[in-house]
Each structure stands twice: as C-alpha cells, then as structure tokens.
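Worksheet: the structure to be examined is printed underneath.
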Amino acid sequence: MVKVVLHGCNGRMGQMLSGLIALDEGMMVVAGIEPSGEVKNEYPVYKSFEEFKDEADVIIDFSTAAAIDGLLNYCEKTHTPLVLCSTGLSESQLERVEKLASESAVLVSANMSLGINVLLKLLKNVTKTLYGNGFDIEIVEKHHNQKLDAPSGTALALADVMRDELDEISYNLNRTEVRKKRDREEIGISAVRGGTIVGEHEVIFAGTDEVIEIKHTAYSRAIFAKGAMSAAKFLKGKGAGKYNMSDVIG
C-alpha cells in the first residue's frame, strides 16, 4: 500500500487524483494539503504541512508555484519522496529542488502523460536531423482560460529536449516586440488560452516546400492523474536522486 499526501488536493487535478486513488487497491490518500482548508474529501485536509503530523510514503504535488516553498520546507525536513508536477517555478525554487534531489527522491515532470513523454523521446531522435537540413522549429501550445503560466511547462520541456540536441538555440516567446525576420537559431513558442482546453501541444518543423507537424492532445485530466499515480508507486522506497517519467516508463 502506497500512502499518499495530495498537495493541492482541492484543485482540479487534486480532485481527479482523489477519485482515481480511491479506486486503486494499491494506494490510499492519508491527507490533503490545501491553504483554504476547505474539505471536499473523506481524508483529513490541512491548511499547511505544519499541521500534518502523520507519515506518508510519497507526496504528489499539483499546486501552484506560490505554494511550493512550504512543500519544499517539509520535504527538506522529512525527506519524503516527492512527485512534483507544478510548473512556473522560480529560479530559486528550482535550485532548492535540485538540492533536495541530492538528499531524497524527487520526480519532476512538467507533464505526466505517457504520450507527451514518448513525444519527448521522439523529438530527441529527430531534431538534429531535421534542423540540420534547414527546418525551422515552432511550438504552439493551447490550454484552458484558467491556466496561470505561459508558455506551459510542457512546451518548455519540449523546447528544452530539442535545444539539448542543438547548438546556440534561443527561445522566442514574443515576436511583437521587434519587427524583423525570423532568426534561424531560435525556437518560437506561442501560447493560446481559451475555454476548457485540457492541453494541446504541436511541434512544427517547417522546411522548404514541406512541413512536419507532431501533435499531442489531452482530452481528459485523467491521463495526468494516472501518470502521477504510476510515478508515486515507482518512487516509493527509491533512494535520493532526481527522476523523471522516462524512468517510470522504462
């Protein structure tokens, strides 16, 4: 039995996880952490980790960057394994995550879906060939109108895996500021926000007289919740280190 604390339990993903974990005989939620303190679940809900006195095997985080410091404080003290899914973290928070991973198990992923993580592997294999043959690279991501950060953490993860395969590549997030032709050494990232779009990411390789488009569409948040559950099961009992969904898939 994997005992889980849900950080951000009353958010959309927290509620999705609560329902799915309740149906999983190998997992249980021992507590939720929610700043508002509002209780929507059968398990106890605390306003902060300072109020939580029990123990857990893993923490699954689907909160916001503003709530991460309290989470990291707790993990630094207890070394409880952490599945970190929040995006939009500051540089100082990312540095703390790196330090935490040297002391305990931390799995970091901007997107928990199997499809996105397969796409990351695919991009790693094809980017150098396509870019080396003159293809320009663009990313278009779409999300619901309640999403706070832009571009999405997933879009940046896709860009990062391609940049790692190339030399001297920069990101262009806003072409309205400067009137000029597209730079060859850039990846353009565009963000669309509207309605109830769960998540859509399209990577465009635009060459001379031909275009290759690789697209992933999420139709339900359940794919992210199921991925987080698999990550939590994987992380239980793991030693210190920084893990990702490729480790889980492998």
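Residue numbering restarts at 1 in every chain; chains get A, B, ... in the order shown in the structure tokens, and ligands count up from 1 in that same order.
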Env of region 44-59 of chain A: 8 Å cut, atoms = only C-alpha atoms, seq-sep filter 5 positions within chain, self excluded. Answer as a list of chain:residue names.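 The filter keeps A:Val2, A:Lys3, A:Val4, A:Val5, A:Leu6, A:His7, A:Val30, A:Ala31, A:Gly32, A:Ile33, A:Glu34, A:Pro35, A:Ser36, A:Gly37, A:Glu38, A:Val39, A:Gly70, A:Leu71, A:Tyr74, A:Thr80, A:Pro81, A:Leu82, A:Val83, A:Ala232, A:Leu235, A:Lys236, A:Gly237.
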Can you tell me which residues surround region 210-223 of chain A at a distance of at most 7 Å, considering only C-alpha atoms, apart from same-chain residues fewer than 6 positions away, and format the answer as a tab-separated table (two decimals) with all heavy atoms, in the first residue's frame?
```tsv
chain	number	residue	atom	x	y	z
A	13	MET	N	-6.85	18.88	-10.46
A	13	MET	CA	-6.07	17.65	-10.51
A	13	MET	C	-6.12	16.91	-9.18
A	13	MET	O	-6.13	15.68	-9.14
A	13	MET	CB	-4.62	17.97	-10.89
A	13	MET	CG	-4.41	18.30	-12.35
A	13	MET	SD	-5.05	17.02	-13.47
A	13	MET	CE	-4.23	15.57	-12.86
A	16	MET	N	-9.30	15.01	-9.18
A	16	MET	CA	-9.21	13.88	-10.09
A	16	MET	C	-8.42	12.74	-9.45
A	16	MET	O	-8.82	11.57	-9.50
A	16	MET	CB	-8.53	14.32	-11.39
A	16	MET	CG	-8.34	13.23	-12.43
A	16	MET	SD	-9.87	12.65	-13.18
A	16	MET	CE	-10.27	14.07	-14.21
A	113	SER	N	1.74	12.68	-18.69
A	113	SER	CA	1.12	11.74	-19.62
A	113	SER	C	2.15	10.88	-20.33
A	113	SER	O	3.27	11.32	-20.63
A	113	SER	CB	0.27	12.49	-20.66
A	113	SER	OG	1.07	13.00	-21.70
A	116	ILE	N	3.02	12.40	-23.98
A	116	ILE	CA	3.98	13.51	-24.01
A	116	ILE	C	5.39	13.00	-23.79
A	116	ILE	O	6.36	13.47	-24.44
A	116	ILE	CB	3.62	14.57	-22.96
A	116	ILE	CG1	2.46	15.43	-23.45
A	116	ILE	CG2	4.83	15.46	-22.65
A	116	ILE	CD1	2.80	16.34	-24.62
A	198	VAL	N	-8.04	21.19	-22.36
A	198	VAL	CA	-7.24	20.49	-21.35
A	198	VAL	C	-5.75	20.68	-21.61
A	198	VAL	O	-4.98	21.01	-20.71
A	198	VAL	CB	-7.60	18.99	-21.31
A	198	VAL	CG1	-6.67	18.25	-20.34
A	198	VAL	CG2	-9.05	18.81	-20.90
A	199	GLY	N	-5.34	20.47	-22.84
A	199	GLY	CA	-3.93	20.65	-23.18
A	199	GLY	C	-3.64	20.16	-24.58
A	199	GLY	O	-4.03	19.05	-24.95
A	200	GLU	N	-3.00	21.00	-25.37
A	200	GLU	CA	-2.64	20.61	-26.73
A	200	GLU	C	-1.27	21.19	-27.05
A	200	GLU	O	-1.02	22.38	-26.82
A	200	GLU	CB	-3.68	21.15	-27.72
A	200	GLU	CG	-3.44	20.74	-29.16
A	200	GLU	CD	-4.53	21.25	-30.08
A	200	GLU	OE1	-5.70	20.87	-29.86
A	200	GLU	OE2	-4.22	22.03	-31.00
A	201	HIS	N	-0.37	20.36	-27.55
A	201	HIS	CA	0.98	20.79	-27.89
A	201	HIS	C	1.33	20.31	-29.30
A	201	HIS	O	1.19	19.13	-29.60
A	201	HIS	CB	2.00	20.25	-26.89
A	201	HIS	CG	1.82	20.81	-25.51
A	201	HIS	ND1	0.93	20.27	-24.61
A	201	HIS	CD2	2.41	21.87	-24.89
A	201	HIS	CE1	0.98	20.97	-23.48
A	201	HIS	NE2	1.86	21.94	-23.63
A	202	GLU	N	1.75	21.24	-30.12
A	202	GLU	CA	2.11	20.92	-31.50
A	202	GLU	C	3.52	21.42	-31.78
A	202	GLU	O	3.83	22.60	-31.56
A	202	GLU	CB	1.13	21.58	-32.46
A	202	GLU	CG	1.38	21.23	-33.92
A	202	GLU	CD	0.32	21.82	-34.84
A	202	GLU	OE1	-0.39	22.73	-34.39
A	202	GLU	OE2	0.22	21.36	-35.99
A	203	VAL	N	4.37	20.53	-32.24
A	203	VAL	CA	5.73	20.88	-32.64
A	203	VAL	C	5.76	20.89	-34.16
A	203	VAL	O	5.39	19.90	-34.82
A	203	VAL	CB	6.77	19.88	-32.10
A	203	VAL	CG1	8.18	20.31	-32.52
A	203	VAL	CG2	6.68	19.79	-30.58
A	204	ILE	N	6.18	22.02	-34.73
A	204	ILE	CA	6.18	22.21	-36.18
A	204	ILE	C	7.61	22.31	-36.68
A	204	ILE	O	8.38	23.17	-36.24
A	204	ILE	CB	5.41	23.49	-36.56
A	204	ILE	CG1	3.98	23.44	-36.02
A	204	ILE	CG2	5.42	23.69	-38.07
A	204	ILE	CD1	3.28	24.78	-36.07
```
From a backbone DSSP assignment, name each residue in region 120-238 of chain A labelled strand (DSSP E or B), as a ChimeraX atom specification. /A:136-143,170-172,186-193,199-206,211-218
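Around region 128-137 of chain A, within 7 Å and counting only C-alpha atoms, the residues found are Glu165, Leu166, Arg184, Ile187, Gly188, Ile204, Phe205, Ala206 and Gly207 of chain A, once anything fewer than 4 positions away on its own chain is removed.
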Selection from above, N, CA, C and O atoms, as an mmCIF file, in the first residue's frame, can you write it?
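Saved the output as result-v5.cif:
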```cif
data_model
loop_
_atom_site.group_PDB
_atom_site.id
_atom_site.type_symbol
_atom_site.label_atom_id
_atom_site.label_comp_id
_atom_site.auth_asym_id
_atom_site.auth_seq_id
_atom_site.Cartn_x
_atom_site.Cartn_y
_atom_site.Cartn_z
ATOM 1 N N GLU A 165 19.848 19.043 -28.086
ATOM 2 C CA GLU A 165 20.414 18.352 -29.242
ATOM 3 C C GLU A 165 21.087 19.305 -30.223
ATOM 4 O O GLU A 165 21.737 18.859 -31.177
ATOM 5 N N LEU A 166 20.949 20.624 -29.992
ATOM 6 C CA LEU A 166 21.449 21.620 -30.937
ATOM 7 C C LEU A 166 22.401 22.592 -30.256
ATOM 8 O O LEU A 166 22.565 22.578 -29.041
ATOM 9 N N ARG A 184 17.320 32.202 -37.553
ATOM 10 C CA ARG A 184 17.498 30.774 -37.797
ATOM 11 C C ARG A 184 17.721 30.038 -36.483
ATOM 12 O O ARG A 184 17.184 28.948 -36.272
ATOM 13 N N ILE A 187 13.820 28.838 -31.426
ATOM 14 C CA ILE A 187 12.599 28.045 -31.378
ATOM 15 C C ILE A 187 11.490 28.990 -30.930
ATOM 16 O O ILE A 187 11.550 29.570 -29.844
ATOM 17 N N GLY A 188 10.480 29.179 -31.778
ATOM 18 C CA GLY A 188 9.369 30.036 -31.411
ATOM 19 C C GLY A 188 8.345 29.268 -30.600
ATOM 20 O O GLY A 188 8.015 28.124 -30.919
ATOM 21 N N ILE A 204 6.178 22.023 -34.733
ATOM 22 C CA ILE A 204 6.178 22.207 -36.178
ATOM 23 C C ILE A 204 7.614 22.308 -36.683
ATOM 24 O O ILE A 204 8.378 23.168 -36.236
ATOM 25 N N PHE A 205 7.980 21.418 -37.602
ATOM 26 C CA PHE A 205 9.256 21.503 -38.308
ATOM 27 C C PHE A 205 8.942 21.995 -39.713
ATOM 28 O O PHE A 205 8.361 21.256 -40.521
ATOM 29 N N ALA A 206 9.278 23.256 -39.991
ATOM 30 C CA ALA A 206 8.929 23.867 -41.273
ATOM 31 C C ALA A 206 10.172 23.983 -42.149
ATOM 32 O O ALA A 206 11.085 24.753 -41.853
ATOM 33 N N GLY A 207 10.184 23.219 -43.234
ATOM 34 C CA GLY A 207 11.311 23.258 -44.158
ATOM 35 C C GLY A 207 10.917 23.890 -45.483
ATOM 36 O O GLY A 207 9.858 24.491 -45.617
#
```
Check the smallest atom-to-atom distance from each of A:Ala155, A:Leu173, A:Val248, A:Leu20 to Leu114 (chain A) using only C-alpha atoms, then report the winner.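 Comparing A:Ala155, A:Leu173, A:Val248, A:Leu20 against Leu114 (chain A), the winner is A:Val248.
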Please identify every residue of region 189-247 of chain A that has at least one atom no farther than 10 Å from an atom of region 86-101 of chain A, counting only C-alpha atoms, and for each give the shortest atom pair and the distance in Å to one decimal, arranged by chain then increasing number, as CSV.
```
residue,atom,partner,partner_atom,distance
A:Gly239,CA,A:Ala101,CA,9.5
A:Ala240,CA,A:Ala101,CA,5.9
A:Gly241,CA,A:Ala101,CA,4.8
A:Lys242,CA,A:Ala101,CA,5.1
A:Tyr243,CA,A:Ala101,CA,8.6
```
With 9 Å as the cut-off and only C-alpha atoms counted, what is the closest atom pair between each nearby residue of region 136-174 of chain A and region 189-197 of chain A? Distances in Å to one decimal, ordered by chain and number, as CSV.
```
residue,atom,partner,partner_atom,distance
A:Glu138,CA,A:Ile189,CA,6.0
A:Ile139,CA,A:Ile189,CA,4.7
A:Val140,CA,A:Ser190,CA,4.8
A:Glu141,CA,A:Ala191,CA,5.1
A:Lys142,CA,A:Val192,CA,4.6
A:His143,CA,A:Ile197,CA,4.9
A:His144,CA,A:Ile197,CA,4.4
A:Asn145,CA,A:Gly194,CA,4.3
A:Gln146,CA,A:Arg193,CA,8.0
A:Lys147,CA,A:Arg193,CA,7.5
A:Ala150,CA,A:Ala191,CA,6.3
A:Pro151,CA,A:Ala191,CA,5.5
A:Ser152,CA,A:Ala191,CA,7.6
A:Ala155,CA,A:Ile189,CA,7.4
A:Leu156,CA,A:Ile189,CA,8.3
A:Ala159,CA,A:Ile189,CA,8.3
A:Tyr171,CA,A:Ile189,CA,7.0
A:Asn172,CA,A:Ile189,CA,6.2
A:Leu173,CA,A:Ile189,CA,5.2
A:Asn174,CA,A:Ser190,CA,7.7
```
Write the selection just made, keeping C-alpha atoms, as a short mmCIF file (atom, residue, chain, number, x, y, z; two decimals), in the first residue's frame?
```cif
data_model
loop_
_atom_site.label_atom_id
_atom_site.label_comp_id
_atom_site.auth_asym_id
_atom_site.auth_seq_id
_atom_site.Cartn_x
_atom_site.Cartn_y
_atom_site.Cartn_z
CA GLU A 138 8.00 26.23 -33.76
CA ILE A 139 5.83 25.13 -30.83
CA VAL A 140 2.17 26.07 -30.37
CA GLU A 141 0.50 25.16 -27.08
CA LYS A 142 -3.15 25.58 -26.08
CA HIS A 143 -4.75 25.45 -22.63
CA HIS A 144 -7.90 26.46 -20.77
CA ASN A 145 -8.55 30.04 -19.75
CA GLN A 146 -7.75 29.39 -16.08
CA LYS A 147 -4.10 28.42 -16.60
CA ALA A 150 2.58 30.81 -20.23
CA PRO A 151 4.18 29.19 -22.04
CA SER A 152 3.26 25.91 -20.40
CA ALA A 155 6.03 23.45 -24.05
CA LEU A 156 9.28 24.45 -22.36
CA ALA A 159 11.80 23.01 -26.36
CA TYR A 171 13.59 30.79 -27.38
CA ASN A 172 11.37 33.47 -28.90
CA LEU A 173 8.22 33.94 -26.83
CA ASN A 174 7.00 37.20 -28.37
#
```
For Tyr43 (chain A), which residue out of A:Ala225, A:Ala67, A:Leu107, A:Cys9 is the nearest one, using only C-alpha atoms?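 Result for the nearest residue to Tyr43 (chain A): A:Cys9.
Backbone DSSP over region 2-32 of chain A yields helix (DSSP H, G or I) at Arg12, Met13, Gly14, Gln15, Met16, Leu17, Ser18, Gly19, Leu20, Ile21 and Ala22 of chain A.
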Store the residues picked out above in a file with N, CA and C atoms, as an mmCIF file, in the first residue's frame.
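So again_34.cif came out as:
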```cif
data_model
loop_
_atom_site.group_PDB
_atom_site.id
_atom_site.type_symbol
_atom_site.label_atom_id
_atom_site.label_comp_id
_atom_site.auth_asym_id
_atom_site.auth_seq_id
_atom_site.Cartn_x
_atom_site.Cartn_y
_atom_site.Cartn_z
ATOM 1 N N ARG A 12 -8.357 21.051 -9.421
ATOM 2 C CA ARG A 12 -8.933 20.131 -10.409
ATOM 3 C C ARG A 12 -8.178 18.804 -10.450
ATOM 4 N N MET A 13 -6.847 18.881 -10.461
ATOM 5 C CA MET A 13 -6.066 17.649 -10.511
ATOM 6 C C MET A 13 -6.120 16.913 -9.183
ATOM 7 N N GLY A 14 -6.151 17.651 -8.081
ATOM 8 C CA GLY A 14 -6.261 17.014 -6.775
ATOM 9 C C GLY A 14 -7.542 16.223 -6.643
ATOM 10 N N GLN A 15 -8.639 16.788 -7.134
ATOM 11 C CA GLN A 15 -9.918 16.095 -7.094
ATOM 12 C C GLN A 15 -9.930 14.882 -8.016
ATOM 13 N N MET A 16 -9.301 15.012 -9.177
ATOM 14 C CA MET A 16 -9.208 13.880 -10.092
ATOM 15 C C MET A 16 -8.416 12.740 -9.450
ATOM 16 N N LEU A 17 -7.297 13.083 -8.822
ATOM 17 C CA LEU A 17 -6.480 12.076 -8.151
ATOM 18 C C LEU A 17 -7.227 11.421 -7.004
ATOM 19 N N SER A 18 -7.958 12.209 -6.239
ATOM 20 C CA SER A 18 -8.702 11.662 -5.104
ATOM 21 C C SER A 18 -9.636 10.552 -5.561
ATOM 22 N N GLY A 19 -10.349 10.801 -6.655
ATOM 23 C CA GLY A 19 -11.286 9.811 -7.158
ATOM 24 C C GLY A 19 -10.612 8.564 -7.697
ATOM 25 N N LEU A 20 -9.522 8.742 -8.427
ATOM 26 C CA LEU A 20 -8.835 7.593 -9.031
ATOM 27 C C LEU A 20 -8.093 6.757 -7.985
ATOM 28 N N ILE A 21 -7.471 7.414 -7.013
ATOM 29 C CA ILE A 21 -6.758 6.668 -5.968
ATOM 30 C C ILE A 21 -7.740 5.856 -5.131
ATOM 31 N N ALA A 22 -8.939 6.390 -4.913
ATOM 32 C CA ALA A 22 -9.954 5.663 -4.144
ATOM 33 C C ALA A 22 -10.325 4.338 -4.808
#
```
